[in-house]
Amino acid sequence: MEKQLKTMKYKFFYLLSLFGTLCWAQNHFELNVISKNYHVSIDIATCNEKECFGKSSVNLTDKKTSEKFPALISDNFTFTIETDSLNLNKAKFDEESQSLIFEDFNFDGFEDLALINKFSDNSEKSIYDIYTFDSIQKQFLMNEGMTTVVKDNSAMFTVDSERKRLIMYLKSGCCLYITKEYNVIPERDPLKVYEFEEDTRDRETVITKKSEFIDYKWFTKTTKYPREVYYKENNDENTERN
């Protein structure tokens, strides 16, 4: 009887250890190709068949030196998952709203990171925390200025490396399209220098409003076009560029 109890006890702890490993595996993901310079591992609170979400720890390791950086924490991280041929869950980051974005946001030659942290109120738009790499401290630090720009606009920016600008493409309602551009200045918050509005609510006309920040002053020009003329001019410009 005692031998049977010991055997049952051993089997119980063996199964418990397997169960614990399974749970850990379902909430732990390794990403090797999402970044050129860093191996990424993610531990996340909750996963179901289609997605993972909740408080998360994102850990980065330098691919060349194997140096580990302090973990980055997100309270509302989320990403979809898919099952491969071996029935293993894998993180899927090819959706329209990416959960992790590696890019040189401040144009200093080092890869930075945008980490999804929540969705904006009453919207499915993603809000990101922006971490830029500090080459002196050798770690990723929250960039408050860039993060504020993202949160204020409820949108993530794209990067124009040639002009060294951060660009946002926004839409308000059905028919108002807005483009904003920010200059990146070392050790300062991003500076908005350009805004273009395209109002297409009227069926007959298109109204544009272009604002530029030049020599510490804003200059604004509003123009009203017949609808067919406006789109013909834009199509001609795109054809010339191509």
# chains A, B, ... in the order shown; residues from 1 in each chain; ligands from 1

call {"tool": "residues_around", "arguments": {"residues": "Phe102 (chain A)", "least_positions_apart": "4", "cutoff": "8 Å", "atoms": "only C-alpha atoms", "output": "list in words"}}
result
Ile34, Ser35, Glu111, Asp112, Leu113 and Ala114 of chain A

call {"tool": "write_last_selection", "arguments": {"atoms": "N, CA and C atoms", "output": "mmCIF file, in the first residue's frame"}}
result
data_model
loop_
_atom_site.group_PDB
_atom_site.id
_atom_site.type_symbol
_atom_site.label_atom_id
_atom_site.label_comp_id
_atom_site.auth_asym_id
_atom_site.auth_seq_id
_atom_site.Cartn_x
_atom_site.Cartn_y
_atom_site.Cartn_z
ATOM 1 N N ILE A 34 11.736 38.950 -35.850
ATOM 2 C CA ILE A 34 10.999 40.212 -35.869
ATOM 3 C C ILE A 34 11.934 41.418 -35.806
ATOM 4 N N SER A 35 13.141 41.215 -35.270
ATOM 5 C CA SER A 35 14.127 42.291 -35.157
ATOM 6 C C SER A 35 15.445 41.849 -35.777
ATOM 7 N N GLU A 111 18.256 50.640 -33.430
ATOM 8 C CA GLU A 111 16.893 50.135 -33.537
ATOM 9 C C GLU A 111 16.121 50.447 -32.258
ATOM 10 N N ASP A 112 14.931 51.026 -32.409
ATOM 11 C CA ASP A 112 14.062 51.348 -31.284
ATOM 12 C C ASP A 112 12.835 50.437 -31.316
ATOM 13 N N LEU A 113 11.932 50.628 -30.357
ATOM 14 C CA LEU A 113 10.814 49.702 -30.223
ATOM 15 C C LEU A 113 9.531 50.430 -29.849
ATOM 16 N N ALA A 114 8.452 50.107 -30.575
ATOM 17 C CA ALA A 114 7.103 50.539 -30.200
ATOM 18 C C ALA A 114 6.364 49.319 -29.675
#

call {"tool": "residues_around", "arguments": {"residues": "Tyr216 (chain A)", "least_positions_apart": "6", "cutoff": "12 Å", "atoms": "only C-alpha atoms", "output": "PyMOL selection string"}}
result
chain A and resi 191-193

call {"tool": "atom_distance", "arguments": {"atom1": "CA of Ser99 (chain A)", "atom2": "CA of Ile127 (chain A)"}}
result
9.7 Å

call {"tool": "select_by_dssp", "arguments": {"residues": "region 64-242 of chain A", "states": "strand (DSSP E or B)", "output": "count of residues only"}}
result
90

call {"tool": "residues_around", "arguments": {"residues": "Ser74 (chain A)", "least_positions_apart": "2", "cutoff": "12 Å", "atoms": "only C-alpha atoms", "output": "list in words"}}
result
Ile42, Asp43, Ile44, Ala45, Phe53, Gly54, Lys55, Ser56, Ser57, Val58, Asn59, Ala71, Leu72, Asn76, Phe77, Thr78, Ser99, Leu100, Ala114, Leu115, Ile116, Asn117, Lys118, Ile127, Tyr128, Asp129, Ile130, Tyr131 and Met142 of chain A

call {"tool": "residues_around", "arguments": {"residues": "Phe110 (chain A)", "least_positions_apart": "6", "cutoff": "9 Å", "atoms": "only C-alpha atoms", "output": "VMD selection string"}}
result
chain A and resid 103 to 104 132 to 135

call {"tool": "residues_around", "arguments": {"residues": "region 222-228 of chain A", "least_positions_apart": "4", "cutoff": "7 Å", "atoms": "only C-alpha atoms", "output": "list in words"}}
result
Glu204, Thr205, Val206, Ile207, Thr208, Lys209, Lys210 and Lys232 of chain A

call {"tool": "write_last_selection", "arguments": {"atoms": "C-alpha atoms", "output": "PDB file, in the first residue's frame"}}
result
ATOM      1  CA  GLU A 204     -18.986  68.874 -55.606  1.00  0.00           C
ATOM      2  CA  THR A 205     -15.851  70.248 -53.979  1.00  0.00           C
ATOM      3  CA  VAL A 206     -12.748  69.295 -52.007  1.00  0.00           C
ATOM      4  CA  ILE A 207     -11.362  71.726 -49.435  1.00  0.00           C
ATOM      5  CA  THR A 208      -7.720  71.467 -48.412  1.00  0.00           C
ATOM      6  CA  LYS A 209      -5.948  73.210 -45.570  1.00  0.00           C
ATOM      7  CA  LYS A 210      -2.152  73.186 -45.494  1.00  0.00           C
ATOM      8  CA  LYS A 232      -7.261  64.809 -61.738  1.00  0.00           C
TER       9      LYS A 232
END
